[in-house]
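For reference, query_9.tsv (TSV, C-alpha atoms):
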```tsv
chain	number	residue	atom	x	y	z
B	1	ALA	CA	-3.22	-31.23	-40.50
B	2	SER	CA	-0.17	-32.03	-38.38
B	3	GLY	CA	0.54	-35.78	-38.20
B	4	GLU	CA	-1.52	-36.73	-41.24
B	5	THR	CA	-0.12	-38.82	-44.13
B	6	ALA	CA	-0.59	-37.88	-47.78
B	7	GLU	CA	-0.35	-40.45	-50.56
B	8	VAL	CA	1.59	-39.15	-53.54
B	9	VAL	CA	3.16	-40.57	-56.69
B	10	ALA	CA	6.91	-40.87	-56.78
B	11	GLY	CA	8.64	-37.61	-57.54
B	12	ASN	CA	10.03	-34.37	-56.16
B	13	TYR	CA	7.83	-32.12	-54.02
B	14	ALA	CA	8.06	-28.73	-52.35
B	15	VAL	CA	6.32	-29.03	-48.99
B	16	GLY	CA	5.16	-25.81	-47.36
B	17	VAL	CA	3.14	-24.98	-44.22
B	18	ASN	CA	0.35	-22.53	-43.56
B	19	ALA	CA	0.69	-19.42	-41.45
B	20	VAL	CA	-0.27	-19.57	-37.75
B	21	ALA	CA	-1.01	-16.37	-35.87
B	22	GLY	CA	1.73	-15.50	-33.40
B	23	TYR	CA	4.27	-17.85	-34.94
B	24	THR	CA	6.86	-17.62	-37.71
B	25	ALA	CA	6.32	-20.42	-40.23
B	26	PRO	CA	9.29	-22.60	-41.19
B	27	ALA	CA	10.64	-22.45	-44.75
B	28	SER	CA	9.33	-24.87	-47.36
B	29	SER	CA	11.14	-28.20	-47.74
B	30	ASN	CA	12.07	-30.02	-50.98
B	31	VAL	CA	11.36	-33.72	-50.67
B	32	THR	CA	11.97	-36.62	-53.08
B	33	VAL	CA	9.61	-39.56	-52.66
B	34	ALA	CA	10.67	-42.84	-54.27
B	35	ALA	CA	8.11	-45.39	-55.52
B	36	GLY	CA	6.77	-47.42	-52.60
B	37	ALA	CA	8.76	-45.38	-50.06
B	38	SER	CA	7.63	-43.05	-47.28
B	39	LYS	CA	9.05	-39.82	-45.97
B	40	SER	CA	8.50	-37.94	-42.73
B	41	ILE	CA	8.99	-34.21	-42.35
B	42	LYS	CA	9.21	-32.24	-39.13
B	43	ALA	CA	8.50	-28.53	-39.31
B	44	THR	CA	8.83	-26.28	-36.26
B	45	TYR	CA	7.06	-22.96	-35.89
B	46	ALA	CA	8.95	-20.28	-33.90
B	47	ALA	CA	6.84	-18.36	-31.40
B	48	GLN	CA	6.93	-14.63	-32.07
B	49	PRO	CA	7.69	-12.30	-29.13
B	50	GLY	CA	4.84	-10.49	-27.43
B	51	THR	CA	4.54	-7.30	-25.44
B	52	LEU	CA	3.65	-6.60	-21.82
B	53	THR	CA	2.41	-3.18	-20.69
B	54	VAL	CA	1.84	-2.39	-17.00
B	55	THR	CA	0.09	0.70	-15.62
B	56	LEU	CA	0.70	1.84	-12.04
B	57	ASP	CA	-1.74	3.90	-9.96
B	58	PRO	CA	-2.28	6.42	-8.50
B	59	ALA	CA	-0.75	9.03	-10.80
B	60	ASP	CA	1.30	10.43	-7.90
B	61	VAL	CA	3.58	7.35	-7.85
B	62	ARG	CA	4.30	7.14	-11.55
B	63	GLY	CA	7.37	9.34	-11.37
B	64	SER	CA	9.16	6.94	-9.02
B	65	ALA	CA	7.37	3.57	-9.15
B	66	VAL	CA	8.65	0.81	-11.43
B	67	TRP	CA	7.57	-2.67	-12.41
B	68	LYS	CA	9.92	-5.53	-13.20
B	69	ALA	CA	9.66	-8.55	-15.52
B	70	ALA	CA	12.45	-10.87	-16.68
B	71	GLY	CA	14.96	-8.96	-14.55
B	72	THR	CA	14.37	-5.52	-16.10
B	73	ASN	CA	12.70	-2.48	-14.56
B	74	HIS	CA	10.15	-0.44	-16.50
B	75	ALA	CA	8.23	2.76	-15.82
B	76	SER	CA	4.44	2.86	-15.57
B	77	GLY	CA	2.84	2.58	-19.02
B	78	ALA	CA	6.01	1.24	-20.67
B	79	SER	CA	5.85	-1.85	-22.88
B	80	ALA	CA	8.38	-4.68	-22.69
B	81	THR	CA	9.00	-7.02	-25.61
B	82	LEU	CA	9.26	-10.57	-24.27
B	83	LYS	CA	9.31	-14.14	-25.46
B	84	ALA	CA	5.93	-15.81	-25.23
B	85	GLY	CA	5.42	-17.32	-21.78
B	86	THR	CA	4.39	-16.70	-18.20
B	87	TYR	CA	6.16	-13.96	-16.26
B	88	SER	CA	6.33	-12.89	-12.64
B	89	VAL	CA	5.76	-9.14	-12.42
B	90	THR	CA	6.96	-7.34	-9.28
B	91	PHE	CA	6.81	-3.71	-8.18
B	92	GLY	CA	9.35	-1.35	-6.67
B	93	ALA	CA	8.90	0.32	-3.28
B	94	VAL	CA	7.72	3.94	-3.04
B	95	ASP	CA	8.05	5.97	0.16
B	96	GLY	CA	4.71	6.42	1.92
B	97	TYR	CA	2.93	3.69	-0.03
B	98	VAL	CA	2.27	-0.03	0.40
B	99	THR	CA	3.98	-2.02	-2.36
B	100	PRO	CA	1.48	-4.09	-4.40
B	101	ALA	CA	1.78	-7.87	-4.40
B	102	GLY	CA	3.47	-9.50	-7.38
B	103	GLN	CA	1.43	-10.84	-10.29
B	104	SER	CA	1.74	-13.69	-12.79
B	105	VAL	CA	1.06	-12.57	-16.38
B	106	GLU	CA	0.83	-14.66	-19.56
B	107	VAL	CA	2.37	-13.09	-22.67
B	108	PRO	CA	0.87	-14.74	-25.79
B	109	PRO	CA	2.94	-15.49	-28.91
B	110	GLY	CA	2.92	-12.37	-31.10
B	111	GLY	CA	0.29	-10.76	-28.87
B	112	ALA	CA	-0.05	-8.07	-26.23
B	113	ALA	CA	-0.67	-8.53	-22.51
B	114	THR	CA	-1.59	-5.79	-20.04
B	115	ALA	CA	-1.62	-5.55	-16.26
B	116	SER	CA	-2.16	-2.88	-13.62
B	117	ALA	CA	-1.31	-2.38	-9.96
B	118	THR	CA	-2.36	0.15	-7.33
B	119	TYR	CA	-0.18	1.54	-4.55
B	120	GLU	CA	-2.13	2.21	-1.33
B	121	VAL	CA	-1.13	5.10	0.91
B	122	LYS	CA	0.47	3.91	4.16
B	123	PRO	CA	-1.50	4.89	7.28
B	124	ALA	CA	0.01	7.05	10.01
B	125	THR	CA	-0.11	6.58	13.79
B	126	LEU	CA	-0.63	9.01	16.67
B	127	LYS	CA	0.01	8.20	20.33
B	128	VAL	CA	-1.03	10.55	23.15
B	129	THR	CA	0.02	10.18	26.78
B	130	LEU	CA	-1.87	12.18	29.42
B	131	ASP	CA	-0.73	13.37	32.86
B	132	PRO	CA	-2.54	12.35	34.97
B	133	PRO	CA	-3.42	9.25	32.94
B	134	GLY	CA	-7.06	8.99	33.93
B	135	GLY	CA	-8.35	11.21	31.11
B	136	THR	CA	-9.16	10.53	27.50
B	137	TRP	CA	-8.27	12.26	24.26
B	138	LYS	CA	-10.06	12.33	20.92
B	139	VAL	CA	-9.23	12.63	17.24
B	140	ALA	CA	-11.33	12.18	14.10
B	141	GLY	CA	-14.44	11.72	16.27
B	142	THR	CA	-13.08	8.84	18.36
B	143	ASN	CA	-12.05	8.82	22.03
B	144	PHE	CA	-8.87	7.10	23.20
B	145	ALA	CA	-7.39	6.31	26.60
B	146	SER	CA	-4.06	7.77	27.69
B	147	GLY	CA	-1.21	5.90	25.99
B	148	ALA	CA	-3.40	4.51	23.21
B	149	THR	CA	-2.35	4.72	19.55
B	150	ALA	CA	-4.71	5.82	16.76
B	151	THR	CA	-4.17	4.67	13.15
B	152	LEU	CA	-5.13	7.43	10.73
B	153	ALA	CA	-4.87	8.44	7.09
B	154	PRO	CA	-2.17	11.04	6.42
B	155	GLY	CA	-3.34	14.60	7.00
B	156	THR	CA	-3.83	17.33	9.59
B	157	TYR	CA	-5.97	16.61	12.65
B	158	THR	CA	-7.26	18.46	15.70
B	159	VAL	CA	-6.55	16.54	18.90
B	160	GLY	CA	-8.92	17.34	21.74
B	161	PHE	CA	-8.89	16.46	25.44
B	162	ASN	CA	-11.86	15.45	27.57
B	163	PRO	CA	-12.38	16.96	31.04
B	164	GLN	CA	-10.96	15.36	34.21
B	165	THR	CA	-12.40	16.20	37.61
B	166	GLY	CA	-10.13	18.56	39.53
B	167	TYR	CA	-8.07	19.56	36.51
B	168	ALA	CA	-8.18	22.25	33.86
B	169	THR	CA	-8.76	20.86	30.36
B	170	PRO	CA	-5.81	21.50	28.00
B	171	GLU	CA	-6.42	23.34	24.76
B	172	SER	CA	-6.80	21.32	21.57
B	173	GLN	CA	-3.72	20.80	19.40
B	174	SER	CA	-3.23	20.54	15.62
B	175	VAL	CA	-1.13	17.62	14.41
B	176	THR	CA	0.02	16.84	10.86
B	177	LEU	CA	0.71	13.18	10.06
B	178	ALA	CA	2.76	12.06	7.07
B	179	ALA	CA	2.11	8.83	5.17
B	180	GLY	CA	3.71	5.96	7.05
B	181	GLY	CA	4.80	8.30	9.83
B	182	SER	CA	4.14	8.33	13.56
B	183	LYS	CA	3.88	11.04	16.21
B	184	SER	CA	3.64	11.06	19.98
B	185	LEU	CA	2.24	13.77	22.25
B	186	SER	CA	2.56	14.17	26.01
B	187	VAL	CA	-0.10	16.44	27.49
B	188	ARG	CA	-0.42	17.61	31.11
B	189	TYR	CA	-3.69	18.59	32.79
B	190	PRO	CA	-3.01	21.55	35.13
B	191	GLY	CA	-4.47	21.11	38.62
B	192	LEU	CA	-7.25	23.52	39.62
B	193	ALA	CA	-6.69	25.89	42.59
B	194	GLY	CA	-8.32	24.54	45.79
B	195	SER	CA	-9.97	26.29	48.75
B	196	VAL	CA	-10.47	25.63	52.47
B	197	ARG	CA	-13.54	26.71	54.42
B	198	TYR	CA	-13.38	26.93	58.20
B	199	VAL	CA	-16.50	27.02	60.35
B	200	LEU	CA	-15.62	28.58	63.72
B	201	SER	CA	-17.50	28.32	66.95
B	202	PRO	CA	-18.62	30.53	68.56
B	203	ALA	CA	-19.78	32.48	65.52
B	204	GLU	CA	-18.05	35.60	66.82
B	205	ALA	CA	-14.66	33.96	66.43
B	206	ARG	CA	-12.35	35.06	63.63
B	207	TRP	CA	-9.30	33.59	62.02
B	208	ALA	CA	-6.43	35.55	60.61
B	209	GLU	CA	-4.39	35.02	57.44
B	210	GLY	CA	-1.30	33.07	58.31
B	211	ALA	CA	-2.80	31.64	61.45
B	212	THR	CA	-2.39	27.94	62.15
B	213	VAL	CA	-5.51	25.95	62.94
B	214	PRO	CA	-5.12	22.40	64.30
B	215	LEU	CA	-6.96	19.77	62.27
```
Rendering of file as structure tokens:
Amino acid sequence: ASGETAEVVAGNYAVGVNAVAGYTAPASSNVTVAAGASKSIKATYAAQPGTLTVTLDPADVRGSAVWKAAGTNHASGASATLKAGTYSVTFGAVDGYVTPAGQSVEVPPGGAATASATYEVKPATLKVTLDPPGGTWKVAGTNFASGATATLAPGTYTVGFNPQTGYATPESQSVTLAAGGSKSLSVRYPGLAGSVRYVLSPAEARWAEGATVPL
């Protein structure tokens, strides 16, 4: 084993080393040992390169997403040949998705390392302002006050409006939200037509359209 001493008779010797997985063994050495003398030999194994393969999810991002190690970008599923060691793996930005956090990956000598990362879809926001502001609006089963902002997954939603006393309720609206996008709506409640009832005394009295009655 490494560091051990072997006793030999004086003479010439070829000293070789055994193979170690993941390393390239040094060449054999020729050594002459004189009577009563000692010799020391240092042999250094060279670490073989390894590979790193990174898979990116979901499949929708693979056409544009990249991962980076040792200063080089690679596509999802690609393998990089690297010296044995620890590497910081980072990920490129993709529109509409949250970029995954970086990772530390160990590449073994002569071996293969794998890693994976998932891009999450960015949420969208929707803000609705009502006139008058006393009403509420609803989307995806939740009610919100005027001026409030809802955080939603990308998609198409029906925005409804709850009744306000004295006003006609606006019709629902369809809104499509893109990943990472935001939309704002301003919605007016139309006022309802009012009426005035006059009670005249004596009962025989009448009032005419356009007449002015003191109040």
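Distance check against Ala21 (chain B) using all atoms listed in the file: of B:Gly96, B:Pro58, B:Gly77, B:Pro109, the minimum falls on B:Pro109.
Restricting the calculation to only C-alpha atoms, the smallest distance between Lys127 (chain B) and any of B:Gly92, B:Gly22, B:Gly181, B:Gly102 is found for B:Gly181.
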Expected residue set, 12 Å radius at (8.0, -44.2, -46.4), only C-alpha atoms, as an mmCIF file with C-alpha atoms, in the coordinates of the input:
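See point-v8.cif below for the written result:
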```
data_model
loop_
_atom_site.group_PDB
_atom_site.id
_atom_site.type_symbol
_atom_site.label_atom_id
_atom_site.label_comp_id
_atom_site.auth_asym_id
_atom_site.auth_seq_id
_atom_site.Cartn_x
_atom_site.Cartn_y
_atom_site.Cartn_z
ATOM 1 C CA THR B 5 -0.120 -38.820 -44.130
ATOM 2 C CA ALA B 6 -0.590 -37.880 -47.780
ATOM 3 C CA GLU B 7 -0.350 -40.450 -50.560
ATOM 4 C CA VAL B 8 1.590 -39.150 -53.540
ATOM 5 C CA VAL B 9 3.160 -40.570 -56.690
ATOM 6 C CA ALA B 10 6.910 -40.870 -56.780
ATOM 7 C CA VAL B 31 11.360 -33.720 -50.670
ATOM 8 C CA THR B 32 11.970 -36.620 -53.080
ATOM 9 C CA VAL B 33 9.610 -39.560 -52.660
ATOM 10 C CA ALA B 34 10.670 -42.840 -54.270
ATOM 11 C CA ALA B 35 8.110 -45.390 -55.520
ATOM 12 C CA GLY B 36 6.770 -47.420 -52.600
ATOM 13 C CA ALA B 37 8.760 -45.380 -50.060
ATOM 14 C CA SER B 38 7.630 -43.050 -47.280
ATOM 15 C CA LYS B 39 9.050 -39.820 -45.970
ATOM 16 C CA SER B 40 8.500 -37.940 -42.730
ATOM 17 C CA ILE B 41 8.990 -34.210 -42.350
#
```
- Could you jot down the CA of Ser186 (chain B) to CA of Phe161 (chain B) separation for me, Å, one decimal place? 11.7 Å
Per residue of region 38-64 of chain B within 10 Å of region 14-19 of chain B, what are the shortest atom pair and its distance in Å to one decimal, counting all atoms listed in the file, with rows by chain and residue number, as a Markdown table?
```
| residue | atom | partner | partner_atom | distance |
| --- | --- | --- | --- | --- |
| B:Ile41 | CA | B:Val15 | CA | 8.8 |
| B:Ala43 | CA | B:Val17 | CA | 8.1 |
| B:Thr44 | CA | B:Val17 | CA | 9.9 |
| B:Tyr45 | CA | B:Ala19 | CA | 9.2 |
```
- Any idea what's packed within 12 Å of Ala65 (chain B), counting only C-alpha atoms, ignoring anything in its chain fewer than 6 positions away? Could you give it as JSON, numbers by chain? {"B": [54, 55, 56, 57, 58, 59, 73, 74, 75, 76, 77, 78, 90, 91, 92, 93, 94, 95, 96, 97, 98, 99, 100, 117, 118, 119]}
- List the neighbours of Thr51 (chain B) out to 7 Å using only C-alpha atoms; skip same-chain residues closer than 4 positions along the sequence, and give me the result as a ChimeraX atom specification. /B:79-82,107,111-113
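Among B:Lys68, B:Lys138, B:Lys83, B:Arg62, the residue with the shortest atom-to-atom distance to Ala47 (chain B), counting only C-alpha atoms, is B:Lys83.
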